[in-house]
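Working notes for the structure below.
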Amino acid sequence: MQQTFKLRKFTPDDLQSVMQINRVCLPENYMDFFFMDLHQRFPETFIVAEENGKIVGYIMCRIEVGLASFGLGGLVRKGHVVSIAVLPQGRRKGVAQALMTAAMEGMNYYKAKLCYLEVRVTNDPGVSLYKKLEFEVSRTLNGYYSDGEDAYVMTKKL
Ligand code: ACO
Ligand code: ZN
C-alpha cells in the first residue's frame, strides 16, 4: 500500500496540534512548557506525522543516563519514549511504527545504546506495536499510572 503520510521534525508551530492529539489519545497530558522543553533539548527525537497537511501523530522522547541492561555494563545513554500517539482516523497505516523507527534513529544520533518506555499492561495496540519492533518486557511497575494501573517497561537494544 502506498504511504499517505510523511514525517518531519516537530517545530514550535506544531505545539497546539500535538497537545490536542495528546489530549484526545492519552490520559497522560502535559503543560505546553513540557513539550517545548523536550523539543529544545532533544529535537532529533520529537517527530510529527502529517497526512494531507494535517498532523495525525507525534512522538517525543528524552535522552537519559542510567544503568545499562543487556550486559552492556556501567552507565549508558538511554532513549526514553515519553509519549507517542496517532489520531484514531490515522491508525493502522504504519504511522506509529514509522515514528518509532525515526525516533530510534534520533536516539542513535544522541549515542543512546537502548530505547525504553512504559506502557499500560492493558494497552494491546501499544504492546503489540512495541513487540513488532522487537521490544521486550523488562519489568512491571505496580500502580505506575495515577489511576493505579500497572505499566510494563519495554526495552530494545539500539
Ligand atoms: N491491535 C493490535 N495490534 C496493533 C494495533 C491494534 N489496535 N495497533 C497497532 N498494532 C500493532 C500491529 O502489529 C501493527 O502492525 P500491522 O498493522 O502490520 O498489524 C503495528 O502495531 C504497527 O501499527 P501502526 O499502524 O504503526 O500503529 P498506529 O499508527 O495505529 O498507532 C498507537 C499505534 C500509537 C498505539 C495508537 O493506537 C494510539 O495512538 N493509541 C492511543 C495512544 C497510546 O496508547 N499511545 C502509546 C502509549 S505508551 C507511550 O506513549 C510510551
Ligand atoms: Zn516514561
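Quick note on naming: the chains in the C-alpha cells go A, B, ... in the order shown, residues restart at 1 in each chain, and ligands are numbered from 1 in order of appearance.
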Taking only C-alpha atoms and all ligand atoms into account, list the residues no farther than 7 Å from ligand 1, as number ranges by chain. A: 25-26, 81-88, 90-98, 117-120, 123-126, 128-130, 132
Give me every helix (DSSP H, G or I) residue in chain A, going by DSSP on the backbone, as an MDAnalysis selection string. chainID A and resid 12:25 32:41 43:45 88:90 95:109 124:132
Please determine, counting only C-alpha atoms and all ligand atoms, which residue among A:Val56, A:Leu158, A:Val127, A:Cys115 has the shortest atom-to-atom distance to ligand 2.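 For ligand 2, the nearest of the candidates is A:Cys115.
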Write out as a PDB file with all heavy atoms, in the first residue's frame each polymer residue whose atoms come within 10 Å of Lys111 in chain A, counting only C-alpha atoms; drop sequence neighbours fewer than 3 positions from it.
ATOM      1  N   ILE A  63      16.586  11.819  26.310  1.00  0.00           N
ATOM      2  CA  ILE A  63      17.794  11.004  26.473  1.00  0.00           C
ATOM      3  C   ILE A  63      18.205  11.089  27.935  1.00  0.00           C
ATOM      4  O   ILE A  63      18.301  12.187  28.503  1.00  0.00           O
ATOM      5  CB  ILE A  63      18.942  11.488  25.559  1.00  0.00           C
ATOM      6  CG1 ILE A  63      18.484  11.588  24.092  1.00  0.00           C
ATOM      7  CG2 ILE A  63      20.159  10.576  25.709  1.00  0.00           C
ATOM      8  CD1 ILE A  63      18.048  10.286  23.449  1.00  0.00           C
ATOM      9  N   VAL A  76      24.993   4.028  30.739  1.00  0.00           N
ATOM     10  CA  VAL A  76      24.814   4.249  29.297  1.00  0.00           C
ATOM     11  C   VAL A  76      23.734   5.303  29.071  1.00  0.00           C
ATOM     12  O   VAL A  76      22.903   5.569  29.938  1.00  0.00           O
ATOM     13  CB  VAL A  76      24.382   2.967  28.539  1.00  0.00           C
ATOM     14  CG1 VAL A  76      25.475   1.935  28.543  1.00  0.00           C
ATOM     15  CG2 VAL A  76      23.079   2.414  29.090  1.00  0.00           C
ATOM     16  N   ARG A  77      23.750   5.852  27.883  1.00  0.00           N
ATOM     17  CA  ARG A  77      22.659   6.729  27.475  1.00  0.00           C
ATOM     18  C   ARG A  77      21.494   5.871  26.999  1.00  0.00           C
ATOM     19  O   ARG A  77      21.696   4.895  26.267  1.00  0.00           O
ATOM     20  CB  ARG A  77      23.109   7.621  26.330  1.00  0.00           C
ATOM     21  CG  ARG A  77      24.009   8.730  26.805  1.00  0.00           C
ATOM     22  CD  ARG A  77      24.061   9.734  25.684  1.00  0.00           C
ATOM     23  NE  ARG A  77      25.417  10.182  25.533  1.00  0.00           N
ATOM     24  CZ  ARG A  77      25.743  11.449  25.305  1.00  0.00           C
ATOM     25  NH1 ARG A  77      24.787  12.351  25.150  1.00  0.00           N
ATOM     26  NH2 ARG A  77      26.988  11.794  25.192  1.00  0.00           N
ATOM     27  N   LYS A  78      20.305   6.293  27.423  1.00  0.00           N
ATOM     28  CA  LYS A  78      19.090   5.572  27.040  1.00  0.00           C
ATOM     29  C   LYS A  78      18.125   6.550  26.405  1.00  0.00           C
ATOM     30  O   LYS A  78      17.980   7.672  26.880  1.00  0.00           O
ATOM     31  CB  LYS A  78      18.400   4.983  28.260  1.00  0.00           C
ATOM     32  CG  LYS A  78      19.249   4.076  29.111  1.00  0.00           C
ATOM     33  CD  LYS A  78      18.442   3.630  30.328  1.00  0.00           C
ATOM     34  CE  LYS A  78      19.285   2.729  31.209  1.00  0.00           C
ATOM     35  NZ  LYS A  78      18.477   2.084  32.248  1.00  0.00           N
ATOM     36  N   GLY A  79      17.451   6.110  25.384  1.00  0.00           N
ATOM     37  CA  GLY A  79      16.374   6.904  24.807  1.00  0.00           C
ATOM     38  C   GLY A  79      15.063   6.474  25.447  1.00  0.00           C
ATOM     39  O   GLY A  79      14.729   5.292  25.463  1.00  0.00           O
ATOM     40  N   GLU A 105      16.287   6.364  15.333  1.00  0.00           N
ATOM     41  CA  GLU A 105      17.427   6.921  14.587  1.00  0.00           C
ATOM     42  C   GLU A 105      17.946   8.171  15.292  1.00  0.00           C
ATOM     43  O   GLU A 105      19.162   8.378  15.407  1.00  0.00           O
ATOM     44  CB  GLU A 105      17.018   7.253  13.143  1.00  0.00           C
ATOM     45  CG  GLU A 105      16.929   6.022  12.268  1.00  0.00           C
ATOM     46  CD  GLU A 105      16.255   6.293  10.916  1.00  0.00           C
ATOM     47  OE1 GLU A 105      16.152   7.475  10.511  1.00  0.00           O
ATOM     48  OE2 GLU A 105      15.840   5.311  10.272  1.00  0.00           O
ATOM     49  N   GLY A 106      17.032   9.014  15.771  1.00  0.00           N
ATOM     50  CA  GLY A 106      17.437  10.189  16.542  1.00  0.00           C
ATOM     51  C   GLY A 106      18.174   9.792  17.813  1.00  0.00           C
ATOM     52  O   GLY A 106      19.163  10.439  18.192  1.00  0.00           O
ATOM     53  N   MET A 107      17.726   8.729  18.464  1.00  0.00           N
ATOM     54  CA  MET A 107      18.414   8.248  19.678  1.00  0.00           C
ATOM     55  C   MET A 107      19.829   7.796  19.348  1.00  0.00           C
ATOM     56  O   MET A 107      20.765   8.040  20.115  1.00  0.00           O
ATOM     57  CB  MET A 107      17.622   7.104  20.314  1.00  0.00           C
ATOM     58  CG  MET A 107      16.315   7.563  20.921  1.00  0.00           C
ATOM     59  SD  MET A 107      15.314   6.152  21.458  1.00  0.00           S
ATOM     60  CE  MET A 107      13.801   7.036  21.893  1.00  0.00           C
ATOM     61  N   ASN A 108      19.986   7.126  18.202  1.00  0.00           N
ATOM     62  CA  ASN A 108      21.329   6.738  17.744  1.00  0.00           C
ATOM     63  C   ASN A 108      22.208   7.970  17.560  1.00  0.00           C
ATOM     64  O   ASN A 108      23.383   7.968  17.936  1.00  0.00           O
ATOM     65  CB  ASN A 108      21.238   5.985  16.416  1.00  0.00           C
ATOM     66  CG  ASN A 108      21.034   4.503  16.608  1.00  0.00           C
ATOM     67  OD1 ASN A 108      21.609   3.900  17.516  1.00  0.00           O
ATOM     68  ND2 ASN A 108      20.214   3.909  15.756  1.00  0.00           N
ATOM     69  N   LEU A 114      20.245   2.069  24.170  1.00  0.00           N
ATOM     70  CA  LEU A 114      18.987   1.333  24.203  1.00  0.00           C
ATOM     71  C   LEU A 114      17.816   2.297  24.258  1.00  0.00           C
ATOM     72  O   LEU A 114      17.982   3.481  24.540  1.00  0.00           O
ATOM     73  CB  LEU A 114      18.966   0.332  25.354  1.00  0.00           C
ATOM     74  CG  LEU A 114      19.207   0.831  26.768  1.00  0.00           C
ATOM     75  CD1 LEU A 114      17.900   1.189  27.415  1.00  0.00           C
ATOM     76  CD2 LEU A 114      19.905  -0.252  27.578  1.00  0.00           C
ATOM     77  N   LEU A 158      19.657  -0.737  20.919  1.00  0.00           N
ATOM     78  CA  LEU A 158      19.756   0.025  19.661  1.00  0.00           C
ATOM     79  C   LEU A 158      21.008  -0.394  18.880  1.00  0.00           C
ATOM     80  O   LEU A 158      21.957  -0.902  19.444  1.00  0.00           O
ATOM     81  CB  LEU A 158      19.784   1.521  19.941  1.00  0.00           C
ATOM     82  CG  LEU A 158      18.481   2.093  20.517  1.00  0.00           C
ATOM     83  CD1 LEU A 158      18.672   3.570  20.885  1.00  0.00           C
ATOM     84  CD2 LEU A 158      17.327   1.952  19.511  1.00  0.00           C
TER      85      LEU A 158
END
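Reported to one decimal place, the separation of CA of Phe34 in chain A from CA of Glu134 in chain A is 28.7 Å.
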Tell me, which residues of chain A carry DSSP strand (DSSP E), written as number ranges by chain? A: 6-9, 47-51, 54-67, 75-86, 114-120, 136-141, 151-157
Which distance in Å separates CA of Met154 in chain A and CA of Asn29 in chain A, to one decimal?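 CA of Met154 in chain A sits 20.7 Å away from CA of Asn29 in chain A.
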Excluding range 12-19 of chain A and any residue of its chain fewer than 4 positions from it, enumerate the residues within 8 Å of it, using only C-alpha atoms, and give them as a PDB file with N, CA and C atoms, in the first residue's frame.
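Here's the written file result_11.pdb:
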ATOM      1  N   ARG A  23      -4.174  15.028  24.074  1.00  0.00           N
ATOM      2  CA  ARG A  23      -5.382  15.027  24.926  1.00  0.00           C
ATOM      3  C   ARG A  23      -6.428  14.043  24.418  1.00  0.00           C
ATOM      4  N   ASN A  29      -1.434  13.817  30.203  1.00  0.00           N
ATOM      5  CA  ASN A  29      -1.317  15.102  29.486  1.00  0.00           C
ATOM      6  C   ASN A  29      -0.298  15.986  30.199  1.00  0.00           C
ATOM      7  N   TYR A  30       0.225  16.942  29.476  1.00  0.00           N
ATOM      8  CA  TYR A  30       1.322  17.771  29.993  1.00  0.00           C
ATOM      9  C   TYR A  30       1.100  19.231  29.639  1.00  0.00           C
ATOM     10  N   ASP A  32       2.267  22.996  28.231  1.00  0.00           N
ATOM     11  CA  ASP A  32       2.975  23.367  26.998  1.00  0.00           C
ATOM     12  C   ASP A  32       4.501  23.416  27.185  1.00  0.00           C
ATOM     13  N   PHE A  35       6.334  20.036  26.620  1.00  0.00           N
ATOM     14  CA  PHE A  35       6.565  19.691  25.205  1.00  0.00           C
ATOM     15  C   PHE A  35       7.733  20.519  24.651  1.00  0.00           C
ATOM     16  N   MET A  36       7.714  21.826  24.959  1.00  0.00           N
ATOM     17  CA  MET A  36       8.738  22.714  24.397  1.00  0.00           C
ATOM     18  C   MET A  36      10.129  22.369  24.940  1.00  0.00           C
ATOM     19  N   ILE A  55      -1.413  17.333  11.026  1.00  0.00           N
ATOM     20  CA  ILE A  55      -0.649  16.431  11.890  1.00  0.00           C
ATOM     21  C   ILE A  55      -1.586  15.354  12.440  1.00  0.00           C
ATOM     22  N   GLY A  57      -0.061  12.467  14.110  1.00  0.00           N
ATOM     23  CA  GLY A  57       0.620  11.725  15.170  1.00  0.00           C
ATOM     24  C   GLY A  57       1.924  12.383  15.548  1.00  0.00           C
ATOM     25  N   TYR A  58       2.437  12.010  16.721  1.00  0.00           N
ATOM     26  CA  TYR A  58       3.706  12.562  17.198  1.00  0.00           C
ATOM     27  C   TYR A  58       4.414  11.532  18.067  1.00  0.00           C
TER      28      TYR A  58
END
Find the residue from A:Leu75, A:Met100, A:Leu67, A:Cys61 that sits nearest to ligand 2; use only C-alpha atoms and all ligand atoms when measuring.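 Answer, going by the shortest atom-to-atom distance: A:Cys61.
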Just the residues within 10 Å of Tyr109 in chain A, please, counting only C-alpha atoms, with nothing from its chain fewer than 5 positions along; format it as a PyMOL selection string. chain A and resi 44-45+103-104
Can you pull out every residue within 12 Å of Glu149 in chain A, counting only C-alpha atoms, but drop anything in the same chain fewer than 3 positions away, and send it as JSON, numbers by chain? {"A": [27, 118, 119, 120, 121, 122, 123, 140, 141, 142, 143, 144, 145, 146, 152]}
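Distances to ligand 2 were evaluated for A:Gln40, A:Lys156, A:Arg62, A:Leu133 using only C-alpha atoms and all ligand atoms, and the minimum falls at A:Arg62.
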So that I can check the surroundings of Thr155 in chain A, please list as a PyMOL selection string every protein, DNA and RNA residue that reaches within 6 Å of it, counting only C-alpha atoms and ignoring chain neighbours fewer than 6 positions away. chain A and resi 115-116+135-136
Given the selection you just returned, output its residues as a file containing N, CA, C and O atoms, formatted as an mmCIF file, in the first residue's frame.
data_model
loop_
_atom_site.group_PDB
_atom_site.id
_atom_site.type_symbol
_atom_site.label_atom_id
_atom_site.label_comp_id
_atom_site.auth_asym_id
_atom_site.auth_seq_id
_atom_site.Cartn_x
_atom_site.Cartn_y
_atom_site.Cartn_z
ATOM 1 N N CYS A 115 16.673 1.757 23.957
ATOM 2 C CA CYS A 115 15.429 2.531 23.944
ATOM 3 C C CYS A 115 14.472 1.854 24.909
ATOM 4 O O CYS A 115 14.389 0.621 24.927
ATOM 5 N N TYR A 116 13.780 2.645 25.740
ATOM 6 C CA TYR A 116 12.778 2.045 26.626
ATOM 7 C C TYR A 116 11.566 2.950 26.757
ATOM 8 O O TYR A 116 11.602 4.132 26.380
ATOM 9 N N PHE A 135 10.775 -4.942 20.914
ATOM 10 C CA PHE A 135 10.952 -4.584 22.325
ATOM 11 C C PHE A 135 10.558 -5.789 23.158
ATOM 12 O O PHE A 135 9.707 -6.586 22.749
ATOM 13 N N GLU A 136 11.185 -5.877 24.357
ATOM 14 C CA GLU A 136 10.831 -6.940 25.294
ATOM 15 C C GLU A 136 10.415 -6.334 26.616
ATOM 16 O O GLU A 136 10.919 -5.276 27.009
#
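Proximity ranking of A:Gly66, A:Glu28, A:Lys54, A:Thr4 relative to ligand 2 places A:Glu28 first, based on only C-alpha atoms and all ligand atoms.
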Ranking A:Glu64, A:Leu99, A:Ala151, A:Arg41 by minimum distance to Val137 in chain A and counting only C-alpha atoms, which one comes first?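 When distances to Val137 in chain A are compared using only C-alpha atoms, the smallest one comes from A:Ala151.
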Please compute the CA of Gln2 in chain A-CA of Val48 in chain A distance, one decimal, in Å.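 Answer for the CA of Gln2 in chain A to CA of Val48 in chain A separation: 18.7 Å.
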